[in-house]
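*Asks:* Structure provided below as structure tokens; questions to follow.
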Amino acid sequence: MDLPSRKQLSPMRDFIVSRGVSGAVSLLLVTLLIFVGTALLPGDTASALLGQNATPEALAALRRDLGLDQPLLLRYLGWFVHAVRGDFGTSLASGRAVSEVLLPRLGNSLLLASVAAVFLLPVAVGGGIAAAIWQDSWFDRLLGFTSMLFLAMPAFLVGYILIYVFAVRMGWFPSMSVAPFFGGAVAWINILALPVISLVIIGQAHTMKLTRTAILAVLATDYVLMAEVKGISRRRIILRHALPNALSAILSISILTVAYLIVDVVVIEIVFSYPGLGKLMVDSVAYRDLTVVQACGLLFALIFIGMNFLADFLALLVNPRQREPARGA
Amino acid sequence: MENTALSIEGLCVNARAPILQDISLHVRRGEIFGVIGESGAGKSTLAMAMVGLLRAGCHRVAGKVTLSGQSLFDLSQLQLEQVRRRKVSYVAQSAAAAFNPFYRLGDQVTELAALELGTPLAERGKMAEGLFRELQLPNPETFGMRYPHQVSGGQLQRAMIAMALINDPDLIIFDEPTTALDVTTQLEVMRLIRKIVTARGCGAVYISHDLAVVAQPADRLMVLRHGKVVETGATRDLMESPAQDYTRALVAAKTTTSPPMHAETSVPIIALRDFAAGYGAVSTVRDINLDLSAGHITCLVGESGSGKTTLARAIAGLVDVHGGTATFQGKPLAPRIESRPREARRRLQYIHQLPDLALNPRQKVREVIGRPLAFFGGETGAAAEERLRKLMRDVELPEDFLDRAPGSLSGGQKQRICIARALAADPEVLICDEVTSALDPLVEESVIQLLLRLMQTRPLTLLFITHNLGLTRRFAHEVAVMQAGRIVEFAPAAQIFAAPQQAYTRTLLGATPMMARGWLEARL
């Protein structure tokens, strides 16, 4: 009948190789897109730096200095060769090395994302599991209603409401995250509080709904019914029979949530003037600081592709079907 | 009372409409109690009620279920769970779905021993090994280390019976335990069930939609229809002198023979020589030599996975042909359907196993049948309308069904629509891929009779794929037996059934449940 094909014998290695290749191709396409995209922006760094009253001669000279007079393809190839070596050039606006501009911002973004994740994941995953277990109860309905409400609300609105309530009316937290980064834990809490709360509110709906759906799918299976018929307690059915099978889905959802928290929070960073990667990218677009925009775009793509890979890899790892060959010894 | 494993008295279960009405039955220890009914008869609801479980939306209106002296619906949730752990076991239809993919088989089979007795891990391994040996599973020492996806369907079904035995129950419920299995595996499992019940002296309920299957192991039978008991009695009495018309029809559908047709030898309409086909680079079927005689029914039989459907789809031009030749009335048949002229496509039509998947739920019946009519016949207007109505009469459906959607029709009616669609092309060869296996026995019989009548009024050749050898015996002119992608035997039906030449054919025939009494006993 069905012979074990070579493919089934090493699903792990095949997975890593095929995903590695497709990840690299995606990354390459992303660099092209970013480069063409930045080239299509009206105006360039020279005109942004020198302002509206610049003379044509001064503009031409600056463009030559910045290498902007060369054809697009040549600029792309040059950038690509350097980028592969980890050299993203110098910021056109500030003249500092791009990595020097980027790294502290990346650190800030990771800090915001991880603090938000620490609060968001237990709430959202736990809420999703609880909503599935008590499906159609008042708890499930309430959770479903509030998460839809926050899902439907634009991110900036949530941010401004929080600012209005907690910064303007109550005065508990600063409305902007521009305080210099020193002053110990209290200063950090002050800076992070409102952006983190916003992210938790906005991000939880999606994660919670996906978790709930994943658990419900497992609870509807024949093997959960079988456990019930065997007389297994409800508690053990959920913890031992259902949850492990939903684990791969929950892991994927959680990791993609973290990826979202790192790269998809531009609006929140802008609202709170939080010095993260997203704000850096938006500011750099305004200055036509192309090298920084390109590096930011590449970093976002890298994080997202890497997180996706990690999510799929972990999902594979916890699934005996994938881990073990089809027909044992 | 001591001798009764399960008794149900006047059980009524409603969802929106009544599902079970006034069901009463008693199952003694050491006895197999058969329940037979078509889909929708309430078999599954009844099986679940036997362990005190009602699906969401169902509620008990009246009646009592007493298992080992305890009235299940009067117990608290905790007491009920305890009864389930200690007194009763359940063997589900699809073992592949009923085992948790996350855990090794041994751990699942002995879970209750760990929970109830606190049996330590090493001892659980020994327990499982003993049960696996009792159920004749291969390598019982290591079988428990495997995950569900690593063993075959028949082995899983036996592992589930092992799981059912772990708590030494008073009652085991077998819910269509062999429906998903091949005939040869089905026989193995039926033998085991009979043996276990005799050896352990527990009571058993055996639920099936197939009378020939359930009549073999069962001591007594209950016929269930539309949630009501049609009749209950000893299996022998019920088979030999059924009191109710419905039971009579069920028995008759399994034993009547169809009228012999023009069985004179005829010219092959489709001929395959050294034919090979498959998906990608792998040839799923090889070395096929097959002649379909014009006006005949050729049945293609074999276990699932033997390549029956692949061969049929290759003839229809839906699978890559890897070698050999195929001719239609002596002229070569292009391998892919895309390269066949319209006329060649018209002459060969295909009917699928599951009409639900083969019918577009958004199309009215009129569009479903009208499309091939316009494509192949080019008829329009009044002429087309007349053909549509004629086709509906041909498949014995009311003409006003033309304006209904497939979703509002029953399974048998949908399959008739699929037959009408195939007939719209006015074909010469019909490939029927398990067209009746999803239907209830009586509906199946009516579709078979329809095909026979159609063959009397027009020159039709049938390639009929089936795993139902009882049907094949009554209905085929020629039989081709497939195993592992090859035809192991191809001969006139009478010869195959009277004097099978190949060992595999004999195994296959020997495993098919017959209505004759003592059939299973003879094979124990």
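Following the order of the structure tokens, chains are lettered A, B, ..., residues in each are numbered from 1, and ligands are numbered from 1.
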Determine which residues of stretch 122-233 of chain A receive a DSSP assignment of helix (DSSP H, G or I), computed from the backbone, and state them as an mmCIF file with N, CA and C atoms, in the first residue's frame.
*Replies:*
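The new file part-v5.cif reads:
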```cif
data_model
loop_
_atom_site.group_PDB
_atom_site.id
_atom_site.type_symbol
_atom_site.label_atom_id
_atom_site.label_comp_id
_atom_site.auth_asym_id
_atom_site.auth_seq_id
_atom_site.Cartn_x
_atom_site.Cartn_y
_atom_site.Cartn_z
ATOM 1 N N PRO A 122 -0.617 35.933 28.091
ATOM 2 C CA PRO A 122 -1.418 35.190 29.078
ATOM 3 C C PRO A 122 -2.881 35.611 29.066
ATOM 4 N N VAL A 123 -3.121 36.899 28.945
ATOM 5 C CA VAL A 123 -4.511 37.365 28.938
ATOM 6 C C VAL A 123 -5.259 36.808 27.732
ATOM 7 N N ALA A 124 -4.649 36.964 26.549
ATOM 8 C CA ALA A 124 -5.350 36.585 25.325
ATOM 9 C C ALA A 124 -5.475 35.073 25.192
ATOM 10 N N VAL A 125 -4.372 34.351 25.428
ATOM 11 C CA VAL A 125 -4.417 32.896 25.284
ATOM 12 C C VAL A 125 -5.306 32.288 26.368
ATOM 13 N N GLY A 126 -5.111 32.752 27.602
ATOM 14 C CA GLY A 126 -5.950 32.261 28.695
ATOM 15 C C GLY A 126 -7.410 32.584 28.448
ATOM 16 N N GLY A 127 -7.685 33.805 28.001
ATOM 17 C CA GLY A 127 -9.069 34.200 27.708
ATOM 18 C C GLY A 127 -9.659 33.351 26.604
ATOM 19 N N GLY A 128 -8.861 33.082 25.566
ATOM 20 C CA GLY A 128 -9.336 32.267 24.448
ATOM 21 C C GLY A 128 -9.671 30.854 24.896
ATOM 22 N N ILE A 129 -8.790 30.282 25.732
ATOM 23 C CA ILE A 129 -9.032 28.922 26.227
ATOM 24 C C ILE A 129 -10.304 28.903 27.074
ATOM 25 N N ALA A 130 -10.409 29.885 27.982
ATOM 26 C CA ALA A 130 -11.583 29.936 28.865
ATOM 27 C C ALA A 130 -12.863 30.117 28.049
ATOM 28 N N ALA A 131 -12.794 30.988 27.034
ATOM 29 C CA ALA A 131 -13.989 31.231 26.217
ATOM 30 C C ALA A 131 -14.410 29.962 25.486
ATOM 31 N N ALA A 132 -13.422 29.169 25.055
ATOM 32 C CA ALA A 132 -13.747 27.933 24.340
ATOM 33 C C ALA A 132 -14.353 26.909 25.293
ATOM 34 N N ILE A 133 -13.770 26.802 26.499
ATOM 35 C CA ILE A 133 -14.272 25.809 27.462
ATOM 36 C C ILE A 133 -15.702 26.136 27.863
ATOM 37 N N TRP A 138 -22.143 33.404 29.333
ATOM 38 C CA TRP A 138 -22.111 34.874 29.339
ATOM 39 C C TRP A 138 -20.667 35.370 29.258
ATOM 40 N N PHE A 139 -19.742 34.599 29.854
ATOM 41 C CA PHE A 139 -18.326 34.979 29.816
ATOM 42 C C PHE A 139 -17.808 35.004 28.376
ATOM 43 N N ASP A 140 -18.117 33.932 27.634
ATOM 44 C CA ASP A 140 -17.701 33.833 26.239
ATOM 45 C C ASP A 140 -18.280 34.990 25.424
ATOM 46 N N ARG A 141 -19.561 35.288 25.659
ATOM 47 C CA ARG A 141 -20.211 36.356 24.899
ATOM 48 C C ARG A 141 -19.601 37.715 25.205
ATOM 49 N N LEU A 142 -19.359 37.951 26.502
ATOM 50 C CA LEU A 142 -18.782 39.233 26.908
ATOM 51 C C LEU A 142 -17.408 39.416 26.271
ATOM 52 N N LEU A 143 -16.598 38.355 26.346
ATOM 53 C CA LEU A 143 -15.253 38.410 25.789
ATOM 54 C C LEU A 143 -15.314 38.624 24.282
ATOM 55 N N GLY A 144 -16.228 37.916 23.642
ATOM 56 C CA GLY A 144 -16.377 38.059 22.203
ATOM 57 C C GLY A 144 -16.772 39.475 21.822
ATOM 58 N N PHE A 145 -17.689 40.053 22.613
ATOM 59 C CA PHE A 145 -18.153 41.408 22.325
ATOM 60 C C PHE A 145 -17.030 42.425 22.510
ATOM 61 N N THR A 146 -16.337 42.376 23.662
ATOM 62 C CA THR A 146 -15.296 43.378 23.912
ATOM 63 C C THR A 146 -14.154 43.233 22.917
ATOM 64 N N SER A 147 -13.783 41.991 22.577
ATOM 65 C CA SER A 147 -12.659 41.856 21.658
ATOM 66 C C SER A 147 -13.039 42.362 20.267
ATOM 67 N N MET A 148 -14.283 42.137 19.862
ATOM 68 C CA MET A 148 -14.698 42.682 18.570
ATOM 69 C C MET A 148 -14.673 44.205 18.606
ATOM 70 N N LEU A 149 -15.099 44.747 19.751
ATOM 71 C CA LEU A 149 -15.132 46.202 19.894
ATOM 72 C C LEU A 149 -13.740 46.801 19.686
ATOM 73 N N PHE A 150 -12.749 46.211 20.379
ATOM 74 C CA PHE A 150 -11.393 46.750 20.284
ATOM 75 C C PHE A 150 -10.768 46.450 18.934
ATOM 76 N N LEU A 151 -11.193 45.321 18.329
ATOM 77 C CA LEU A 151 -10.675 44.973 17.008
ATOM 78 C C LEU A 151 -11.151 45.991 15.978
ATOM 79 N N ALA A 152 -12.379 46.462 16.181
ATOM 80 C CA ALA A 152 -12.966 47.370 15.201
ATOM 81 C C ALA A 152 -12.451 48.797 15.378
ATOM 82 N N ALA A 155 -6.300 51.888 15.926
ATOM 83 C CA ALA A 155 -5.277 51.881 16.968
ATOM 84 C C ALA A 155 -5.058 53.281 17.547
ATOM 85 N N PHE A 156 -5.040 54.287 16.676
ATOM 86 C CA PHE A 156 -4.733 55.635 17.183
ATOM 87 C C PHE A 156 -5.815 56.132 18.137
ATOM 88 N N LEU A 157 -7.060 55.702 17.863
ATOM 89 C CA LEU A 157 -8.163 56.128 18.714
ATOM 90 C C LEU A 157 -7.967 55.591 20.131
ATOM 91 N N VAL A 158 -7.606 54.286 20.218
ATOM 92 C CA VAL A 158 -7.336 53.689 21.523
ATOM 93 C C VAL A 158 -6.230 54.475 22.228
ATOM 94 N N GLY A 159 -5.163 54.795 21.484
ATOM 95 C CA GLY A 159 -4.041 55.539 22.048
ATOM 96 C C GLY A 159 -4.489 56.888 22.584
ATOM 97 N N TYR A 160 -5.245 57.618 21.778
ATOM 98 C CA TYR A 160 -5.655 58.966 22.201
ATOM 99 C C TYR A 160 -6.624 58.929 23.376
ATOM 100 N N ILE A 161 -7.499 57.905 23.383
ATOM 101 C CA ILE A 161 -8.415 57.773 24.525
ATOM 102 C C ILE A 161 -7.607 57.559 25.804
ATOM 103 N N LEU A 162 -6.603 56.676 25.719
ATOM 104 C CA LEU A 162 -5.767 56.410 26.895
ATOM 105 C C LEU A 162 -5.041 57.677 27.342
ATOM 106 N N ILE A 163 -4.516 58.407 26.366
ATOM 107 C CA ILE A 163 -3.817 59.657 26.698
ATOM 108 C C ILE A 163 -4.763 60.622 27.399
ATOM 109 N N TYR A 164 -6.001 60.711 26.829
ATOM 110 C CA TYR A 164 -6.971 61.643 27.395
ATOM 111 C C TYR A 164 -7.289 61.271 28.842
ATOM 112 N N VAL A 165 -7.547 59.956 29.053
ATOM 113 C CA VAL A 165 -7.970 59.530 30.381
ATOM 114 C C VAL A 165 -6.801 59.557 31.376
ATOM 115 N N PHE A 166 -5.707 58.895 31.025
ATOM 116 C CA PHE A 166 -4.650 58.670 32.022
ATOM 117 C C PHE A 166 -3.600 59.764 32.068
ATOM 118 N N ALA A 167 -3.402 60.462 30.942
ATOM 119 C CA ALA A 167 -2.388 61.513 30.953
ATOM 120 C C ALA A 167 -3.021 62.875 31.212
ATOM 121 N N VAL A 168 -4.066 63.181 30.450
ATOM 122 C CA VAL A 168 -4.635 64.521 30.550
ATOM 123 C C VAL A 168 -5.501 64.664 31.798
ATOM 124 N N ARG A 169 -6.485 63.721 31.977
ATOM 125 C CA ARG A 169 -7.405 63.857 33.092
ATOM 126 C C ARG A 169 -6.793 63.440 34.419
ATOM 127 N N GLY A 184 15.927 55.213 35.956
ATOM 128 C CA GLY A 184 15.545 53.991 36.655
ATOM 129 C C GLY A 184 14.177 53.468 36.300
ATOM 130 N N ALA A 185 13.742 52.507 37.112
ATOM 131 C CA ALA A 185 12.546 51.725 36.810
ATOM 132 C C ALA A 185 11.308 52.608 36.690
ATOM 133 N N VAL A 186 11.182 53.574 37.570
ATOM 134 C CA VAL A 186 9.969 54.399 37.564
ATOM 135 C C VAL A 186 9.825 55.124 36.228
ATOM 136 N N ALA A 187 10.936 55.660 35.738
ATOM 137 C CA ALA A 187 10.892 56.352 34.458
ATOM 138 C C ALA A 187 10.477 55.399 33.349
ATOM 139 N N TRP A 188 11.005 54.188 33.413
ATOM 140 C CA TRP A 188 10.655 53.204 32.380
ATOM 141 C C TRP A 188 9.184 52.864 32.416
ATOM 142 N N ILE A 189 8.673 52.648 33.646
ATOM 143 C CA ILE A 189 7.249 52.331 33.763
ATOM 144 C C ILE A 189 6.426 53.470 33.196
ATOM 145 N N ASN A 190 6.814 54.686 33.535
ATOM 146 C CA ASN A 190 6.106 55.859 33.029
ATOM 147 C C ASN A 190 6.057 55.883 31.517
ATOM 148 N N ILE A 191 7.205 55.561 30.915
ATOM 149 C CA ILE A 191 7.283 55.644 29.462
ATOM 150 C C ILE A 191 6.514 54.516 28.795
ATOM 151 N N LEU A 192 6.637 53.327 29.378
ATOM 152 C CA LEU A 192 6.082 52.156 28.709
ATOM 153 C C LEU A 192 4.592 51.953 28.963
ATOM 154 N N ALA A 193 4.102 52.474 30.096
ATOM 155 C CA ALA A 193 2.755 52.090 30.535
ATOM 156 C C ALA A 193 1.698 52.256 29.447
ATOM 157 N N LEU A 194 1.544 53.486 28.948
ATOM 158 C CA LEU A 194 0.437 53.707 28.014
ATOM 159 C C LEU A 194 0.609 52.974 26.686
ATOM 160 N N PRO A 195 1.815 52.993 26.071
ATOM 161 C CA PRO A 195 1.949 52.201 24.828
ATOM 162 C C PRO A 195 1.658 50.721 25.049
ATOM 163 N N VAL A 196 2.120 50.168 26.198
ATOM 164 C CA VAL A 196 1.884 48.747 26.455
ATOM 165 C C VAL A 196 0.393 48.475 26.620
ATOM 166 N N ILE A 197 -0.274 49.333 27.402
ATOM 167 C CA ILE A 197 -1.718 49.119 27.584
ATOM 168 C C ILE A 197 -2.438 49.175 26.236
ATOM 169 N N SER A 198 -2.060 50.136 25.401
ATOM 170 C CA SER A 198 -2.704 50.232 24.083
ATOM 171 C C SER A 198 -2.493 48.955 23.293
ATOM 172 N N LEU A 199 -1.242 48.483 23.271
ATOM 173 C CA LEU A 199 -0.946 47.288 22.479
ATOM 174 C C LEU A 199 -1.714 46.076 22.991
ATOM 175 N N VAL A 200 -1.803 45.959 24.315
ATOM 176 C CA VAL A 200 -2.533 44.815 24.879
ATOM 177 C C VAL A 200 -3.994 44.885 24.453
ATOM 178 N N ILE A 201 -4.564 46.085 24.558
ATOM 179 C CA ILE A 201 -5.980 46.224 24.198
ATOM 180 C C ILE A 201 -6.207 45.910 22.721
ATOM 181 N N ILE A 202 -5.332 46.450 21.867
ATOM 182 C CA ILE A 202 -5.546 46.257 20.434
ATOM 183 C C ILE A 202 -5.205 44.841 20.006
ATOM 184 N N GLY A 203 -4.124 44.299 20.562
ATOM 185 C CA GLY A 203 -3.626 43.016 20.065
ATOM 186 C C GLY A 203 -4.379 41.813 20.588
ATOM 187 N N GLN A 204 -5.010 41.936 21.778
ATOM 188 C CA GLN A 204 -5.552 40.732 22.395
ATOM 189 C C GLN A 204 -6.710 40.122 21.596
ATOM 190 N N ALA A 205 -7.496 40.974 20.921
ATOM 191 C CA ALA A 205 -8.710 40.461 20.272
ATOM 192 C C ALA A 205 -8.385 39.349 19.281
ATOM 193 N N HIS A 206 -7.431 39.646 18.414
ATOM 194 C CA HIS A 206 -7.041 38.727 17.372
ATOM 195 C C HIS A 206 -6.525 37.414 17.956
ATOM 196 N N THR A 207 -5.568 37.552 18.896
ATOM 197 C CA THR A 207 -4.953 36.374 19.506
ATOM 198 C C THR A 207 -5.990 35.535 20.235
ATOM 199 N N MET A 208 -6.874 36.218 20.955
ATOM 200 C CA MET A 208 -7.882 35.503 21.731
ATOM 201 C C MET A 208 -8.842 34.738 20.805
ATOM 202 N N LYS A 209 -9.274 35.391 19.751
ATOM 203 C CA LYS A 209 -10.224 34.730 18.835
ATOM 204 C C LYS A 209 -9.589 33.502 18.189
ATOM 205 N N LEU A 210 -8.329 33.643 17.764
ATOM 206 C CA LEU A 210 -7.662 32.511 17.124
ATOM 207 C C LEU A 210 -7.487 31.352 18.101
ATOM 208 N N THR A 211 -7.093 31.695 19.353
ATOM 209 C CA THR A 211 -6.921 30.639 20.352
ATOM 210 C C THR A 211 -8.240 29.929 20.606
ATOM 211 N N ARG A 212 -9.294 30.700 20.757
ATOM 212 C CA ARG A 212 -10.618 30.125 21.023
ATOM 213 C C ARG A 212 -11.005 29.158 19.907
ATOM 214 N N THR A 213 -10.805 29.598 18.653
ATOM 215 C CA THR A 213 -11.159 28.746 17.524
ATOM 216 C C THR A 213 -10.342 27.458 17.524
ATOM 217 N N ALA A 214 -9.031 27.592 17.833
ATOM 218 C CA ALA A 214 -8.174 26.405 17.825
ATOM 219 C C ALA A 214 -8.637 25.392 18.860
ATOM 220 N N ILE A 215 -8.978 25.882 20.062
ATOM 221 C CA ILE A 215 -9.425 24.969 21.129
ATOM 222 C C ILE A 215 -10.765 24.338 20.758
ATOM 223 N N LEU A 216 -11.664 25.143 20.222
ATOM 224 C CA LEU A 216 -12.984 24.606 19.868
ATOM 225 C C LEU A 216 -12.857 23.503 18.826
ATOM 226 N N ALA A 217 -11.938 23.699 17.864
ATOM 227 C CA ALA A 217 -11.754 22.674 16.834
ATOM 228 C C ALA A 217 -11.324 21.363 17.476
ATOM 229 N N VAL A 218 -10.437 21.436 18.470
ATOM 230 C CA VAL A 218 -9.982 20.207 19.127
ATOM 231 C C VAL A 218 -11.086 19.600 19.986
ATOM 232 N N LEU A 219 -11.850 20.467 20.664
ATOM 233 C CA LEU A 219 -12.918 19.951 21.538
ATOM 234 C C LEU A 219 -14.010 19.238 20.739
ATOM 235 N N ASP A 222 -13.393 13.607 17.507
ATOM 236 C CA ASP A 222 -13.866 12.307 17.986
ATOM 237 C C ASP A 222 -13.069 11.845 19.204
ATOM 238 N N TYR A 223 -11.772 12.191 19.268
ATOM 239 C CA TYR A 223 -11.002 11.645 20.387
ATOM 240 C C TYR A 223 -11.336 12.340 21.697
ATOM 241 N N VAL A 224 -11.817 13.567 21.641
ATOM 242 C CA VAL A 224 -12.286 14.212 22.868
ATOM 243 C C VAL A 224 -13.611 13.584 23.302
ATOM 244 N N LEU A 225 -14.482 13.294 22.329
ATOM 245 C CA LEU A 225 -15.731 12.595 22.648
ATOM 246 C C LEU A 225 -15.421 11.229 23.258
ATOM 247 N N MET A 226 -14.419 10.566 22.670
ATOM 248 C CA MET A 226 -14.018 9.243 23.166
ATOM 249 C C MET A 226 -13.581 9.350 24.632
ATOM 250 N N ALA A 227 -12.792 10.363 24.943
ATOM 251 C CA ALA A 227 -12.333 10.540 26.321
ATOM 252 C C ALA A 227 -13.521 10.736 27.255
ATOM 253 N N GLU A 228 -14.513 11.475 26.773
ATOM 254 C CA GLU A 228 -15.705 11.716 27.572
ATOM 255 C C GLU A 228 -16.448 10.402 27.822
ATOM 256 N N VAL A 229 -16.562 9.588 26.775
ATOM 257 C CA VAL A 229 -17.248 8.304 26.901
ATOM 258 C C VAL A 229 -16.479 7.376 27.843
#
```
*Asks:* Which residues of chain B sit at most 7 Å from chain A, using only C-alpha atoms? Give each one's shortest atom pair and distance in Å (one decimal place), in chain and ascending residue order, as a tab-separated table.
*Replies:*
```
residue	atom	partner	partner_atom	distance
B:Val51	CA	A:Val229	CA	6.8
B:Glu81	CA	A:Gly231	CA	4.1
B:Gln82	CA	A:Gly231	CA	6.2
B:Arg84	CA	A:Gly231	CA	4.7
B:Arg85	CA	A:Gly231	CA	4.8
B:Ser89	CA	A:Lys230	CA	6.7
B:Ala97	CA	A:Asp222	CA	5.5
B:Ala98	CA	A:Tyr223	CA	4.1
B:Phe99	CA	A:Tyr223	CA	5.3
B:Asn100	CA	A:Tyr223	CA	5.4
B:Phe102	CA	A:Pro320	CA	6.1
B:Arg146	CA	A:Gly328	CA	6.7
B:His149	CA	A:Ala326	CA	6.4
B:Gln150	CA	A:Arg327	CA	4.4
B:Val151	CA	A:Arg327	CA	6.4
B:Gly305	CA	A:Met1	CA	6.4
B:Ala484	CA	A:Met1	CA	6.6
```
*Asks:* For atom CA of B:Ser208 and atom CA of B:Pro140, determine how far apart the two atoms are, in Å to one decimal place.
*Replies:* 29.1 Å
*Asks:* Near stretch 220-222 of chain B, within 9 Å and counting only C-alpha atoms, which residues show up once chain neighbours fewer than 5 positions away are dropped, as a ChimeraX atom specification?
*Replies:* /B:25,31-37,214-215,229-236,238
*Asks:* Pull C-alpha atoms from the residues just selected and write them as a short mmCIF file (atom, residue, chain, number, x, y, z; two decimals), in the first residue's frame.
*Replies:*
```cif
data_model
loop_
_atom_site.label_atom_id
_atom_site.label_comp_id
_atom_site.auth_asym_id
_atom_site.auth_seq_id
_atom_site.Cartn_x
_atom_site.Cartn_y
_atom_site.Cartn_z
CA LEU B 25 -34.26 -3.08 25.03
CA GLU B 31 -24.90 -11.87 24.37
CA ILE B 32 -24.37 -9.66 21.32
CA PHE B 33 -27.34 -7.43 20.73
CA GLY B 34 -27.47 -6.11 17.16
CA VAL B 35 -29.00 -2.75 16.24
CA ILE B 36 -29.62 -2.17 12.54
CA GLY B 37 -30.89 1.00 10.93
CA VAL B 214 -24.71 -7.28 11.99
CA ALA B 215 -26.64 -10.51 11.44
CA VAL B 229 -38.21 0.21 17.08
CA VAL B 230 -39.57 -1.65 14.05
CA GLU B 231 -39.10 -5.06 15.60
CA THR B 232 -36.84 -6.95 17.98
CA GLY B 233 -36.18 -10.67 18.01
CA ALA B 234 -33.72 -13.50 17.78
CA THR B 235 -31.52 -13.02 14.72
CA ARG B 236 -32.62 -16.29 13.17
CA LEU B 238 -35.92 -12.06 12.20
#
```
*Asks:* Could you check which of B:Phe401, B:Phe375, B:Tyr90, B:Phe497 is closest to B:Arg474, using only C-alpha atoms?
*Replies:* B:Phe497
*Asks:* When you look at B:Gly203 with a cut-off of 10 Å (counting only C-alpha atoms), what residues show up, excluding the ones that are within fewer than 6 positions of it in the same chain? I need them as a PDB file with C-alpha atoms, in the first residue's frame.
*Replies:*
```pdb
ATOM      1  CA  ASN B   3     -27.755 -11.362  34.207  1.00  0.00           C
ATOM      2  CA  THR B   4     -28.740  -8.068  32.594  1.00  0.00           C
ATOM      3  CA  ALA B   5     -25.926  -5.785  31.466  1.00  0.00           C
ATOM      4  CA  LEU B   6     -28.037  -2.977  30.077  1.00  0.00           C
ATOM      5  CA  HIS B  26     -32.386  -5.470  27.310  1.00  0.00           C
ATOM      6  CA  VAL B  27     -28.898  -6.770  26.773  1.00  0.00           C
ATOM      7  CA  ARG B  28     -27.836  -9.874  28.689  1.00  0.00           C
ATOM      8  CA  ARG B  29     -24.311 -10.773  29.636  1.00  0.00           C
ATOM      9  CA  GLY B  30     -22.570 -12.984  27.119  1.00  0.00           C
ATOM     10  CA  GLU B  31     -24.900 -11.866  24.367  1.00  0.00           C
ATOM     11  CA  ILE B  32     -24.366  -9.658  21.323  1.00  0.00           C
ATOM     12  CA  PHE B  33     -27.344  -7.432  20.726  1.00  0.00           C
ATOM     13  CA  VAL B  88     -18.913   0.262  30.054  1.00  0.00           C
ATOM     14  CA  PRO B 169     -16.544  -3.747  31.434  1.00  0.00           C
ATOM     15  CA  ASP B 170     -19.994  -5.231  31.842  1.00  0.00           C
ATOM     16  CA  LEU B 171     -21.024  -3.843  28.458  1.00  0.00           C
ATOM     17  CA  ILE B 172     -19.170  -2.963  25.264  1.00  0.00           C
ATOM     18  CA  ILE B 173     -20.842  -0.844  22.620  1.00  0.00           C
ATOM     19  CA  VAL B 197     -17.846 -11.617  24.258  1.00  0.00           C
TER      20      VAL B 197
END
```
*Asks:* Quick one: everything within 8 Å of B:Leu391, counting only C-alpha atoms, minus sequence neighbours fewer than 2 positions away in the same chain. Send it as a list of chain:residue names.
*Replies:*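 The neighbour list is B:Arg387, B:Leu388, B:Arg389, B:Arg393, B:Asp394, B:Val395, B:Ala420, B:Leu423, B:Ala424.
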*Asks:* Name the residues in contact with A:Leu314 at a cut-off of 12 Å, using only C-alpha atoms, excluding same-chain residues fewer than 3 positions from it; report them as a PyMOL selection string.
*Replies:* chain A and resi 12+15-16+247-255+307-311+317-320+322-323
*Asks:* To test your reading of the structure, identify every residue in stretch 394-490 of chain B that backbone DSSP assigns to strand (DSSP E or B), and report it as a ChimeraX atom specification.
*Replies:* /B:429-433,461-465,478-483,486-490
*Asks:* Can you measure atom CA of A:Asp14 to atom CA of B:Ala281 for me? One decimal in Å is fine.
*Replies:*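 Between atom CA of A:Asp14 and atom CA of B:Ala281 the gap works out to 19.6 Å.
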*Asks:* Env of stretch 348-352 of chain B: 7 Å cut, atoms = only C-alpha atoms, seq-sep filter 5 positions within chain, self excluded. Answer as a list in words.
*Replies:*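 Here the answer would be Ala358, Cys418, Ile419, Ala422, Pro427, Glu428, Val429, Leu430, Ile431, Cys432, Asp433 and Val435 of chain B.
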*Asks:* What separation in Å, quoted to one decimal, exists between atom CA of B:Gln186 and atom CA of B:His226?
*Replies:*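 Those two atoms sit 27.1 Å apart.
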